[in-house]
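File shown: work35.pdb (PDB, C-alpha atoms).
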MODEL        1
ATOM      1  CA  LYS A  11      -9.475  62.641-210.124  1.00  0.00           C
ATOM      2  CA  LYS A  12     -10.937  61.093-207.007  1.00  0.00           C
ATOM      3  CA  ILE A  13     -14.165  59.998-208.693  1.00  0.00           C
ATOM      4  CA  PHE A  14     -12.100  58.192-211.316  1.00  0.00           C
ATOM      5  CA  PHE A  15      -9.933  56.563-208.669  1.00  0.00           C
ATOM      6  CA  GLU A  16     -12.912  55.456-206.604  1.00  0.00           C
ATOM      7  CA  SER A  17     -14.012  53.304-209.515  1.00  0.00           C
ATOM      8  CA  TYR A  18     -11.100  50.954-208.795  1.00  0.00           C
ATOM      9  CA  ILE A  19     -11.998  48.167-206.401  1.00  0.00           C
ATOM     10  CA  LEU A  20      -9.552  45.581-205.125  1.00  0.00           C
ATOM     11  CA  GLN A  21     -10.884  42.157-206.085  1.00  0.00           C
ATOM     12  CA  ASN A  22     -10.589  39.876-203.061  1.00  0.00           C
ATOM     13  CA  GLU A  23     -10.872  36.779-205.253  1.00  0.00           C
ATOM     14  CA  ILE A  24      -7.701  37.806-207.109  1.00  0.00           C
ATOM     15  CA  VAL A  25      -5.869  38.759-203.894  1.00  0.00           C
ATOM     16  CA  GLU A  26      -6.660  35.355-202.353  1.00  0.00           C
ATOM     17  CA  PHE A  27      -5.538  33.612-205.545  1.00  0.00           C
ATOM     18  CA  ILE A  28      -2.211  35.498-205.481  1.00  0.00           C
ATOM     19  CA  LYS A  29      -1.675  34.538-201.832  1.00  0.00           C
ATOM     20  CA  LYS A  30      -2.419  30.887-202.663  1.00  0.00           C
ATOM     21  CA  ILE A  31       0.079  30.885-205.552  1.00  0.00           C
ATOM     22  CA  LYS A  32       2.734  32.575-203.395  1.00  0.00           C
ATOM     23  CA  SER A  33       2.233  29.961-200.648  1.00  0.00           C
ATOM     24  CA  LYS A  34       3.441  27.379-203.181  1.00  0.00           C
ATOM     25  CA  GLY A  35       6.746  29.228-203.555  1.00  0.00           C
ATOM     26  CA  ILE A  36       5.900  30.916-206.853  1.00  0.00           C
ATOM     27  CA  LYS A  37       7.001  34.549-207.182  1.00  0.00           C
ATOM     28  CA  ILE A  38       4.300  36.990-208.320  1.00  0.00           C
ATOM     29  CA  GLY A  39       5.101  40.305-209.987  1.00  0.00           C
ATOM     30  CA  TYR A  40       3.224  43.100-211.688  1.00  0.00           C
ATOM     31  CA  LEU A  41       3.773  45.203-214.792  1.00  0.00           C
ATOM     32  CA  SER A  42       1.360  48.108-214.824  1.00  0.00           C
ATOM     33  CA  ASN A  43       0.630  51.136-216.964  1.00  0.00           C
ATOM     34  CA  GLY A  44      -0.786  52.865-213.889  1.00  0.00           C
ATOM     35  CA  PRO A  45       0.085  56.567-213.671  1.00  0.00           C
ATOM     36  CA  LYS A  46       1.964  57.655-210.549  1.00  0.00           C
ATOM     37  CA  ASP A  47      -0.837  59.666-208.905  1.00  0.00           C
ATOM     38  CA  ARG A  48      -3.451  56.923-209.372  1.00  0.00           C
ATOM     39  CA  THR A  49      -1.031  54.225-208.216  1.00  0.00           C
ATOM     40  CA  GLU A  50      -0.107  56.141-205.065  1.00  0.00           C
ATOM     41  CA  TYR A  51      -3.755  56.880-204.280  1.00  0.00           C
ATOM     42  CA  LEU A  52      -4.861  53.279-204.765  1.00  0.00           C
ATOM     43  CA  ASN A  53      -1.931  51.889-202.804  1.00  0.00           C
ATOM     44  CA  SER A  54      -2.657  54.256-199.901  1.00  0.00           C
ATOM     45  CA  LYS A  55      -6.262  53.031-199.938  1.00  0.00           C
ATOM     46  CA  TYR A  56      -5.730  49.283-200.510  1.00  0.00           C
ATOM     47  CA  ASN A  57      -2.026  48.699-199.739  1.00  0.00           C
ATOM     48  CA  PHE A  58      -1.934  46.324-202.722  1.00  0.00           C
ATOM     49  CA  ILE A  59       1.718  46.612-203.761  1.00  0.00           C
ATOM     50  CA  LYS A  60       2.840  44.588-200.729  1.00  0.00           C
ATOM     51  CA  ILE A  61       1.051  41.443-201.955  1.00  0.00           C
ATOM     52  CA  PHE A  62       3.539  41.182-204.843  1.00  0.00           C
ATOM     53  CA  ASP A  63       7.144  40.016-204.718  1.00  0.00           C
ATOM     54  CA  PHE A  64       8.311  42.543-207.300  1.00  0.00           C
ATOM     55  CA  GLY A  65       6.995  44.776-210.032  1.00  0.00           C
ATOM     56  CA  LEU A  66       7.367  47.761-212.289  1.00  0.00           C
ATOM     57  CA  PHE A  67       5.067  50.653-213.089  1.00  0.00           C
ATOM     58  CA  SER A  68       5.186  52.456-216.421  1.00  0.00           C
ATOM     59  CA  PHE A  69       6.064  55.743-214.718  1.00  0.00           C
ATOM     60  CA  GLU A  70       9.151  54.058-213.227  1.00  0.00           C
ATOM     61  CA  ALA A  71      10.179  52.551-216.577  1.00  0.00           C
ATOM     62  CA  ASN A  72       9.397  55.615-218.717  1.00  0.00           C
ATOM     63  CA  SER A  73       7.643  53.225-221.081  1.00  0.00           C
ATOM     64  CA  ILE A  74       4.189  51.655-221.371  1.00  0.00           C
ATOM     65  CA  LYS A  75       2.712  48.330-222.411  1.00  0.00           C
ATOM     66  CA  PRO A  76       2.631  47.058-225.098  1.00  0.00           C
ATOM     67  CA  ASN A  77       6.089  48.566-225.841  1.00  0.00           C
ATOM     68  CA  LYS A  78       8.701  45.828-225.722  1.00  0.00           C
ATOM     69  CA  GLU A  79      11.003  48.205-223.826  1.00  0.00           C
ATOM     70  CA  ILE A  80       8.974  48.029-220.584  1.00  0.00           C
ATOM     71  CA  PHE A  81       9.172  44.226-220.630  1.00  0.00           C
ATOM     72  CA  GLU A  82      12.927  44.380-221.221  1.00  0.00           C
ATOM     73  CA  LYS A  83      13.301  46.783-218.289  1.00  0.00           C
ATOM     74  CA  LEU A  84      11.291  44.427-216.046  1.00  0.00           C
ATOM     75  CA  ILE A  85      13.484  41.475-217.063  1.00  0.00           C
ATOM     76  CA  GLU A  86      16.684  43.448-216.495  1.00  0.00           C
ATOM     77  CA  LYS A  87      15.679  45.106-213.214  1.00  0.00           C
ATOM     78  CA  PHE A  88      14.669  41.822-211.562  1.00  0.00           C
ATOM     79  CA  ASN A  89      17.139  39.551-213.368  1.00  0.00           C
ATOM     80  CA  LEU A  90      14.339  37.376-214.761  1.00  0.00           C
ATOM     81  CA  ASN A  91      14.708  34.456-217.141  1.00  0.00           C
ATOM     82  CA  PRO A  92      11.823  35.007-219.606  1.00  0.00           C
ATOM     83  CA  ASN A  93      11.631  31.247-220.266  1.00  0.00           C
ATOM     84  CA  GLU A  94      10.653  30.775-216.606  1.00  0.00           C
ATOM     85  CA  CYS A  95       7.982  33.490-216.642  1.00  0.00           C
ATOM     86  CA  ILE A  96       4.265  33.356-217.324  1.00  0.00           C
ATOM     87  CA  TYR A  97       2.857  36.754-218.275  1.00  0.00           C
ATOM     88  CA  ILE A  98      -0.880  37.253-217.687  1.00  0.00           C
ATOM     89  CA  ASP A  99      -2.824  40.246-219.020  1.00  0.00           C
ATOM     90  CA  ASP A 100      -6.444  41.068-219.734  1.00  0.00           C
ATOM     91  CA  LYS A 101      -5.448  43.010-222.874  1.00  0.00           C
ATOM     92  CA  GLU A 102      -4.411  40.669-225.646  1.00  0.00           C
ATOM     93  CA  ASN A 103      -2.155  43.220-227.381  1.00  0.00           C
ATOM     94  CA  ASN A 104       0.029  43.338-224.238  1.00  0.00           C
ATOM     95  CA  LEU A 105       0.874  39.637-224.623  1.00  0.00           C
ATOM     96  CA  LEU A 106       2.849  39.879-227.861  1.00  0.00           C
ATOM     97  CA  PRO A 107       6.028  41.555-226.519  1.00  0.00           C
ATOM     98  CA  ALA A 108       6.151  39.106-223.600  1.00  0.00           C
ATOM     99  CA  LYS A 109       5.791  36.202-226.028  1.00  0.00           C
ATOM    100  CA  GLU A 110       8.501  37.644-228.313  1.00  0.00           C
ATOM    101  CA  LEU A 111      10.872  37.785-225.330  1.00  0.00           C
ATOM    102  CA  GLY A 112      10.275  34.096-224.534  1.00  0.00           C
ATOM    103  CA  MET A 113       7.595  34.254-221.839  1.00  0.00           C
ATOM    104  CA  LYS A 114       4.581  31.976-221.790  1.00  0.00           C
ATOM    105  CA  THR A 115       1.419  34.087-221.904  1.00  0.00           C
ATOM    106  CA  ILE A 116      -2.194  33.866-220.775  1.00  0.00           C
ATOM    107  CA  HIS A 117      -4.989  36.165-221.886  1.00  0.00           C
ATOM    108  CA  PHE A 118      -6.959  36.690-218.655  1.00  0.00           C
ATOM    109  CA  ASN A 119     -10.761  36.538-218.792  1.00  0.00           C
ATOM    110  CA  ASP A 120     -11.744  35.298-215.335  1.00  0.00           C
ATOM    111  CA  ILE A 121     -10.248  33.430-212.413  1.00  0.00           C
ATOM    112  CA  ASN A 122     -11.561  29.989-213.417  1.00  0.00           C
ATOM    113  CA  GLN A 123     -10.168  30.330-216.945  1.00  0.00           C
ATOM    114  CA  LEU A 124      -6.838  31.479-215.453  1.00  0.00           C
ATOM    115  CA  ILE A 125      -6.657  28.409-213.206  1.00  0.00           C
ATOM    116  CA  ASP A 126      -7.363  26.152-216.189  1.00  0.00           C
ATOM    117  CA  GLU A 127      -4.677  27.869-218.290  1.00  0.00           C
ATOM    118  CA  LEU A 128      -2.113  27.641-215.479  1.00  0.00           C
ATOM    119  CA  LYS A 129      -2.842  23.922-215.047  1.00  0.00           C
ATOM    120  CA  LYS A 130      -2.190  23.451-218.785  1.00  0.00           C
ATOM    121  CA  LEU A 131       1.224  25.018-218.138  1.00  0.00           C
ATOM    122  CA  GLU A 132       1.726  22.532-215.268  1.00  0.00           C
ATOM    123  CA  VAL A 133       1.388  25.155-212.531  1.00  0.00           C
ATOM    124  CA  GLU A 134      -0.372  23.640-209.514  1.00  0.00           C
ATOM    125  CA  VAL A 135      -2.960  26.037-208.145  1.00  0.00           C
TER     126      VAL A 135
ENDMDL
END

Here is the file; what I need is its structure written in the form of structure tokens.
Amino acid sequence: KKIFFESYILQNEIVEFIKKIKSKGIKIGYLSNGPKDRTEYLNSKYNFIKIFDFGLFSFEANSIKPNKEIFEKLIEKFNLNPNECIYIDDKENNLLPAKELGMKTIHFNDINQLIDELKKLEVEV
């Protein structure tokens, strides 16, 4: 397991971007299919969960993306209004349930493309 886990590297560029967005008063959450053991290992190594305002892991929801159920559980648990949410994912098939529930979506490729897409949605970054 450890060799697999070591392949995960926290991307400082993304962390700094999240901090910048949060400094503007925008809440940042996560929705992850990460298994419990990998999540706990990576969080003990990088302490990444604390950079988010809220979030849900698949092992907590007993569901995985792209199942609509995990998105519904996220919305319910954190009392979110889907029309006020922008869901970003690097896997295009994970965007459909978010879109069906009323969220705006962005297919993530790289940080510059993400900034451009957010600006199109009138999010100042």

Apply the PyMOL selection byres ((chain A and resi 76) around 6) to the structure shown and report the selected residues as a PDB file with C-alpha atoms, keeping the file's coordinate frame.
ATOM      1  CA  LYS A  75       2.712  48.330-222.411  1.00  0.00           C
ATOM      2  CA  ASN A  77       6.089  48.566-225.841  1.00  0.00           C
ATOM      3  CA  ASN A 104       0.029  43.338-224.238  1.00  0.00           C
TER       4      ASN A 104
END

message: If the PyMOL selection byres ((chain A and resi 59-61) around 12) were run on this exact file, what residues would it hold? Put them as number ranges by chain.
response: A: 20, 22, 24-33, 37-42, 49-58, 62-67

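Distance annotation: of A:Asp99, A:Gly44, A:Glu94, A:Leu124, the residue with the minimal separation from Gly112 of chain A is A:Glu94; atom set is only C-alpha atoms.
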
Give the padded box for segment 117-128 of chain A as JSON: axis-aligned, covering all atoms listed in the file, 5 Å on each side, centre and edge lengths in Å to one decimal.
{"center_x": -6.9, "center_y": 31.4, "center_z": -217.1, "size_x": 19.6, "size_y": 20.5, "size_z": 19.5}

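Nearest residue to Thr115 of chain A, choosing from A:Glu70, A:Glu102, A:Glu134, A:Asp47 and counting only C-alpha atoms: A:Glu102.
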
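Take atom CA of Glu110 of chain A and atom CA of Lys34 of chain A: the distance between them is 27.6 Å.
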